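Trainee: Questions regarding the structure given below will be posed in turn.
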Amino acid sequence: MACHYIKEQGISIRRACLIFNISVTCYYHKSMTTDENQQIADLLIKLTDENKNWGFGLCCLSLRNLMGLPDNHKRVYRIYYELELNLRIKPRRRIKRAKPLPLAVPDKINQSWSMDFMHDGLNDGRSFRLFNVIDDYNRQALTVEVDFSLPAGRVIRSLNQLIECRGKPVQVRCDNGHEYISNALKEWAIEQGSIISYIEPEYGQWRLYANTETQSRSLILFIRCLRFGRVTLR
């Protein structure tokens, strides 16, 4: 504005500086940053054209170490940002996990069994386990076996006892516990002609029809009531 009034109105430089409240030194000062910024911009464009995968960090290090420019990294980044040389950050690809197939509703008994483990502790600190098997058709509890240790052999023996009095199941649904993924249980299923169906680790749809965990909790609660004398058997 001071330069405009000096040229148009013909007033002196000192008077124009007084009117616009600026110093005479500021009027005569000539900024040299424009040429330096242009030099940095040209070098940045050259570096990014030659090295397509370079980001701001490598460009700034190259200007400072290789070309000897002592510029502040903030100034270089401001020019880098104004030139829109920022590399596009690629979004992470989310792994699409296949959803499990919906569970088929059994239409008769022995079409699908479900088995599960629960555990609890005694007053002396020892823990015991409960092995539960139910029929998914009518949610009938077929067996509940309690012991301090229930390895794969005990699981197979309990299933054989059920088969003797009830018949063979078409499939047996279970989780991925170490008792269920053993080779002994897989060989038993092949001998019996049954299918072992393992549930998905991230989905609990099997509990829509197999309420073994709920029944086990109810049984454990009943055992605890017996232990503390809150329930009497007749």
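Each chain of the structure tokens is named A, B, ... in the order shown, its residues numbered from 1; ligands are numbered from 1 in display order.
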Find the spatial neighbours of Leu69 (chain A), counting only C-alpha atoms, within a cut-off of 9 Å - ignore same-chain residues fewer than 5 positions away - and output them as an mmCIF file with N, CA and C atoms, in the first residue's frame.
Mentor:
data_model
loop_
_atom_site.group_PDB
_atom_site.id
_atom_site.type_symbol
_atom_site.label_atom_id
_atom_site.label_comp_id
_atom_site.auth_asym_id
_atom_site.auth_seq_id
_atom_site.Cartn_x
_atom_site.Cartn_y
_atom_site.Cartn_z
ATOM 1 N N ILE A 40 14.880 -24.508 -3.379
ATOM 2 C CA ILE A 40 14.527 -25.728 -2.656
ATOM 3 C C ILE A 40 13.400 -26.477 -3.361
ATOM 4 N N LEU A 63 18.932 -33.187 0.785
ATOM 5 C CA LEU A 63 19.218 -31.759 0.663
ATOM 6 C C LEU A 63 20.243 -31.305 1.690
ATOM 7 N N ARG A 64 20.172 -31.849 2.892
ATOM 8 C CA ARG A 64 21.043 -31.398 3.963
ATOM 9 C C ARG A 64 22.432 -32.027 3.881
#
Trainee: Considering only C-alpha atoms, state which residue in the set A:Ser197, A:Gln192, A:Gln38, A:Gln9 is at the smallest distance from Tyr80 (chain A).
Mentor: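 Nearest candidate to Tyr80 (chain A) out of A:Ser197, A:Gln192, A:Gln38, A:Gln9: A:Gln38.
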Trainee: For the atom pair CA of Gln161 (chain A) and CA of Leu142 (chain A), what is the interatomic distance in Å to one decimal place?
Mentor: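 Distance between the two atoms: 10.4 Å.
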Trainee: Which residues come within 9 Å of region 175-188 of chain A, counting only C-alpha atoms, excluding same-chain residues fewer than 3 positions away, as an mmCIF file with all heavy atoms, in the first residue's frame?
Mentor:
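Writing the result to part19.cif gives the following:
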data_model
loop_
_atom_site.group_PDB
_atom_site.id
_atom_site.type_symbol
_atom_site.label_atom_id
_atom_site.label_comp_id
_atom_site.auth_asym_id
_atom_site.auth_seq_id
_atom_site.Cartn_x
_atom_site.Cartn_y
_atom_site.Cartn_z
ATOM 1 N N MET A 115 -20.620 -81.879 22.627
ATOM 2 C CA MET A 115 -19.925 -82.206 23.879
ATOM 3 C C MET A 115 -19.004 -81.043 24.251
ATOM 4 O O MET A 115 -18.465 -80.346 23.400
ATOM 5 C CB MET A 115 -19.125 -83.507 23.739
ATOM 6 C CG MET A 115 -18.168 -83.576 22.579
ATOM 7 S SD MET A 115 -17.426 -85.226 22.450
ATOM 8 C CE MET A 115 -16.334 -84.977 21.029
ATOM 9 N N ASP A 116 -18.864 -80.888 25.569
ATOM 10 C CA ASP A 116 -18.097 -79.755 26.069
ATOM 11 C C ASP A 116 -17.588 -80.095 27.463
ATOM 12 O O ASP A 116 -18.106 -80.988 28.140
ATOM 13 C CB ASP A 116 -18.960 -78.489 26.108
ATOM 14 C CG ASP A 116 -18.117 -77.241 26.363
ATOM 15 O OD1 ASP A 116 -16.893 -77.303 26.151
ATOM 16 O OD2 ASP A 116 -18.680 -76.225 26.792
ATOM 17 N N PHE A 117 -16.550 -79.367 27.902
ATOM 18 C CA PHE A 117 -15.963 -79.537 29.222
ATOM 19 C C PHE A 117 -16.255 -78.315 30.074
ATOM 20 O O PHE A 117 -16.317 -77.187 29.578
ATOM 21 C CB PHE A 117 -14.441 -79.724 29.140
ATOM 22 C CG PHE A 117 -14.011 -81.128 28.813
ATOM 23 C CD1 PHE A 117 -13.595 -81.456 27.539
ATOM 24 C CD2 PHE A 117 -14.016 -82.110 29.783
ATOM 25 C CE1 PHE A 117 -13.202 -82.732 27.233
ATOM 26 C CE2 PHE A 117 -13.617 -83.401 29.493
ATOM 27 C CZ PHE A 117 -13.211 -83.719 28.213
ATOM 28 N N LEU A 150 -9.813 -86.109 32.692
ATOM 29 C CA LEU A 150 -10.637 -86.696 31.638
ATOM 30 C C LEU A 150 -9.888 -86.619 30.312
ATOM 31 O O LEU A 150 -10.118 -85.724 29.492
ATOM 32 C CB LEU A 150 -11.984 -85.974 31.539
ATOM 33 C CG LEU A 150 -12.939 -86.143 32.722
ATOM 34 C CD1 LEU A 150 -14.122 -85.202 32.584
ATOM 35 C CD2 LEU A 150 -13.409 -87.587 32.827
ATOM 36 N N PRO A 151 -8.969 -87.545 30.064
ATOM 37 C CA PRO A 151 -8.224 -87.525 28.801
ATOM 38 C C PRO A 151 -9.080 -88.032 27.647
ATOM 39 O O PRO A 151 -10.273 -88.347 27.806
ATOM 40 C CB PRO A 151 -7.045 -88.454 29.088
ATOM 41 C CG PRO A 151 -7.536 -89.392 30.132
ATOM 42 C CD PRO A 151 -8.507 -88.613 30.968
ATOM 43 N N ALA A 152 -8.461 -88.140 26.487
ATOM 44 C CA ALA A 152 -9.197 -88.565 25.291
ATOM 45 C C ALA A 152 -9.723 -89.982 25.431
ATOM 46 O O ALA A 152 -10.791 -90.322 24.913
ATOM 47 C CB ALA A 152 -8.299 -88.453 24.063
ATOM 48 N N GLY A 153 -8.991 -90.849 26.162
ATOM 49 C CA GLY A 153 -9.474 -92.214 26.354
ATOM 50 C C GLY A 153 -10.772 -92.280 27.124
ATOM 51 O O GLY A 153 -11.669 -93.079 26.813
ATOM 52 N N VAL A 155 -12.982 -89.879 27.235
ATOM 53 C CA VAL A 155 -14.011 -89.335 26.344
ATOM 54 C C VAL A 155 -14.521 -90.417 25.405
ATOM 55 O O VAL A 155 -15.741 -90.579 25.205
ATOM 56 C CB VAL A 155 -13.444 -88.140 25.553
ATOM 57 C CG1 VAL A 155 -14.436 -87.680 24.495
ATOM 58 C CG2 VAL A 155 -13.115 -86.987 26.485
ATOM 59 N N ILE A 156 -13.614 -91.197 24.840
ATOM 60 C CA ILE A 156 -14.014 -92.266 23.923
ATOM 61 C C ILE A 156 -14.824 -93.326 24.658
ATOM 62 O O ILE A 156 -15.826 -93.849 24.138
ATOM 63 C CB ILE A 156 -12.764 -92.880 23.268
ATOM 64 C CG1 ILE A 156 -12.097 -91.844 22.358
ATOM 65 C CG2 ILE A 156 -13.114 -94.129 22.476
ATOM 66 C CD1 ILE A 156 -10.783 -92.304 21.764
ATOM 67 N N GLU A 191 -13.918 -95.218 12.785
ATOM 68 C CA GLU A 191 -14.418 -96.562 13.057
ATOM 69 C C GLU A 191 -15.930 -96.580 13.223
ATOM 70 O O GLU A 191 -16.602 -97.508 12.761
ATOM 71 C CB GLU A 191 -13.753 -97.126 14.306
ATOM 72 C CG GLU A 191 -12.255 -97.380 14.149
ATOM 73 C CD GLU A 191 -11.635 -97.855 15.444
ATOM 74 O OE1 GLU A 191 -12.381 -97.942 16.456
ATOM 75 O OE2 GLU A 191 -10.416 -98.123 15.466
ATOM 76 N N GLN A 192 -16.478 -95.545 13.858
ATOM 77 C CA GLN A 192 -17.918 -95.495 14.100
ATOM 78 C C GLN A 192 -18.693 -94.942 12.915
ATOM 79 O O GLN A 192 -19.920 -95.015 12.899
ATOM 80 C CB GLN A 192 -18.208 -94.640 15.343
ATOM 81 C CG GLN A 192 -17.580 -95.153 16.618
ATOM 82 C CD GLN A 192 -18.144 -96.485 17.045
ATOM 83 O OE1 GLN A 192 -19.299 -96.825 16.739
ATOM 84 N NE2 GLN A 192 -17.343 -97.274 17.769
ATOM 85 N N GLY A 193 -18.007 -94.378 11.948
ATOM 86 C CA GLY A 193 -18.695 -93.782 10.809
ATOM 87 C C GLY A 193 -19.355 -92.457 11.126
ATOM 88 O O GLY A 193 -20.317 -92.065 10.446
ATOM 89 N N SER A 194 -18.858 -91.762 12.136
ATOM 90 C CA SER A 194 -19.399 -90.459 12.518
ATOM 91 C C SER A 194 -18.455 -89.342 12.084
ATOM 92 O O SER A 194 -17.272 -89.587 11.791
ATOM 93 C CB SER A 194 -19.623 -90.392 14.031
ATOM 94 O OG SER A 194 -20.509 -91.400 14.460
ATOM 95 N N ILE A 195 -18.974 -88.144 12.057
ATOM 96 C CA ILE A 195 -18.205 -86.965 11.642
ATOM 97 C C ILE A 195 -17.987 -86.086 12.858
ATOM 98 O O ILE A 195 -18.930 -85.784 13.595
ATOM 99 C CB ILE A 195 -18.941 -86.176 10.542
ATOM 100 C CG1 ILE A 195 -19.180 -87.063 9.314
ATOM 101 C CG2 ILE A 195 -18.134 -84.938 10.149
ATOM 102 C CD1 ILE A 195 -20.040 -86.403 8.260
ATOM 103 N N ILE A 196 -16.740 -85.663 13.074
ATOM 104 C CA ILE A 196 -16.435 -84.708 14.138
ATOM 105 C C ILE A 196 -16.431 -83.321 13.525
ATOM 106 O O ILE A 196 -15.615 -83.009 12.651
ATOM 107 C CB ILE A 196 -15.085 -85.015 14.799
ATOM 108 C CG1 ILE A 196 -15.121 -86.388 15.459
ATOM 109 C CG2 ILE A 196 -14.749 -83.950 15.831
ATOM 110 C CD1 ILE A 196 -13.827 -86.768 16.120
ATOM 111 N N SER A 197 -17.344 -82.482 13.958
ATOM 112 C CA SER A 197 -17.484 -81.116 13.441
ATOM 113 C C SER A 197 -16.946 -80.145 14.481
ATOM 114 O O SER A 197 -17.518 -80.022 15.572
ATOM 115 C CB SER A 197 -18.950 -80.819 13.123
ATOM 116 O OG SER A 197 -19.107 -79.492 12.668
ATOM 117 N N TYR A 198 -15.851 -79.470 14.122
ATOM 118 C CA TYR A 198 -15.236 -78.498 15.039
ATOM 119 C C TYR A 198 -15.848 -77.121 14.801
ATOM 120 O O TYR A 198 -16.093 -76.730 13.650
ATOM 121 C CB TYR A 198 -13.726 -78.438 14.827
ATOM 122 C CG TYR A 198 -13.016 -79.727 15.163
ATOM 123 C CD1 TYR A 198 -12.624 -80.594 14.158
ATOM 124 C CD2 TYR A 198 -12.749 -80.073 16.480
ATOM 125 C CE1 TYR A 198 -11.980 -81.787 14.459
ATOM 126 C CE2 TYR A 198 -12.106 -81.259 16.794
ATOM 127 C CZ TYR A 198 -11.721 -82.116 15.776
ATOM 128 O OH TYR A 198 -11.092 -83.290 16.088
ATOM 129 N N ILE A 199 -16.076 -76.412 15.874
ATOM 130 C CA ILE A 199 -16.665 -75.076 15.761
ATOM 131 C C ILE A 199 -15.608 -74.100 15.282
ATOM 132 O O ILE A 199 -14.402 -74.341 15.394
ATOM 133 C CB ILE A 199 -17.256 -74.611 17.102
ATOM 134 C CG1 ILE A 199 -16.138 -74.443 18.144
ATOM 135 C CG2 ILE A 199 -18.303 -75.571 17.605
ATOM 136 C CD1 ILE A 199 -16.586 -73.815 19.434
ATOM 137 N N GLU A 200 -16.071 -72.956 14.751
ATOM 138 C CA GLU A 200 -15.165 -71.905 14.334
ATOM 139 C C GLU A 200 -14.574 -71.231 15.572
ATOM 140 O O GLU A 200 -15.287 -70.960 16.531
ATOM 141 C CB GLU A 200 -15.889 -70.863 13.486
ATOM 142 C CG GLU A 200 -16.397 -71.400 12.162
ATOM 143 C CD GLU A 200 -15.279 -71.674 11.193
ATOM 144 O OE1 GLU A 200 -14.186 -71.077 11.368
ATOM 145 O OE2 GLU A 200 -15.461 -72.485 10.272
ATOM 146 N N PRO A 201 -13.258 -70.923 15.572
ATOM 147 C CA PRO A 201 -12.657 -70.310 16.761
ATOM 148 C C PRO A 201 -13.249 -68.959 17.113
ATOM 149 O O PRO A 201 -13.287 -68.572 18.273
ATOM 150 C CB PRO A 201 -11.170 -70.178 16.378
ATOM 151 C CG PRO A 201 -10.967 -71.170 15.281
ATOM 152 C CD PRO A 201 -12.259 -71.222 14.543
#
Trainee: Mind the document's chain letters and residue numbers, and return as a ChimeraX atom specification the residues of region 79-198 of chain A that DSSP labels strand (DSSP E).
Mentor: /A:112-121,127-135,140-147,171-174,195-198
Trainee: Go ahead and compute the interatomic distance for CA of Asn53 (chain A) and CA of Leu85 (chain A), in Å to one decimal.
Mentor: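 Going from CA of Asn53 (chain A) over to CA of Leu85 (chain A) covers 11.0 Å.
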Trainee: Write out as a PyMOL selection string the residues lying within 6 Å of region 103-114 of chain A, counting only C-alpha atoms and excluding same-chain residues fewer than 2 positions away.
Mentor: chain A and resi 133-137+169-174+210
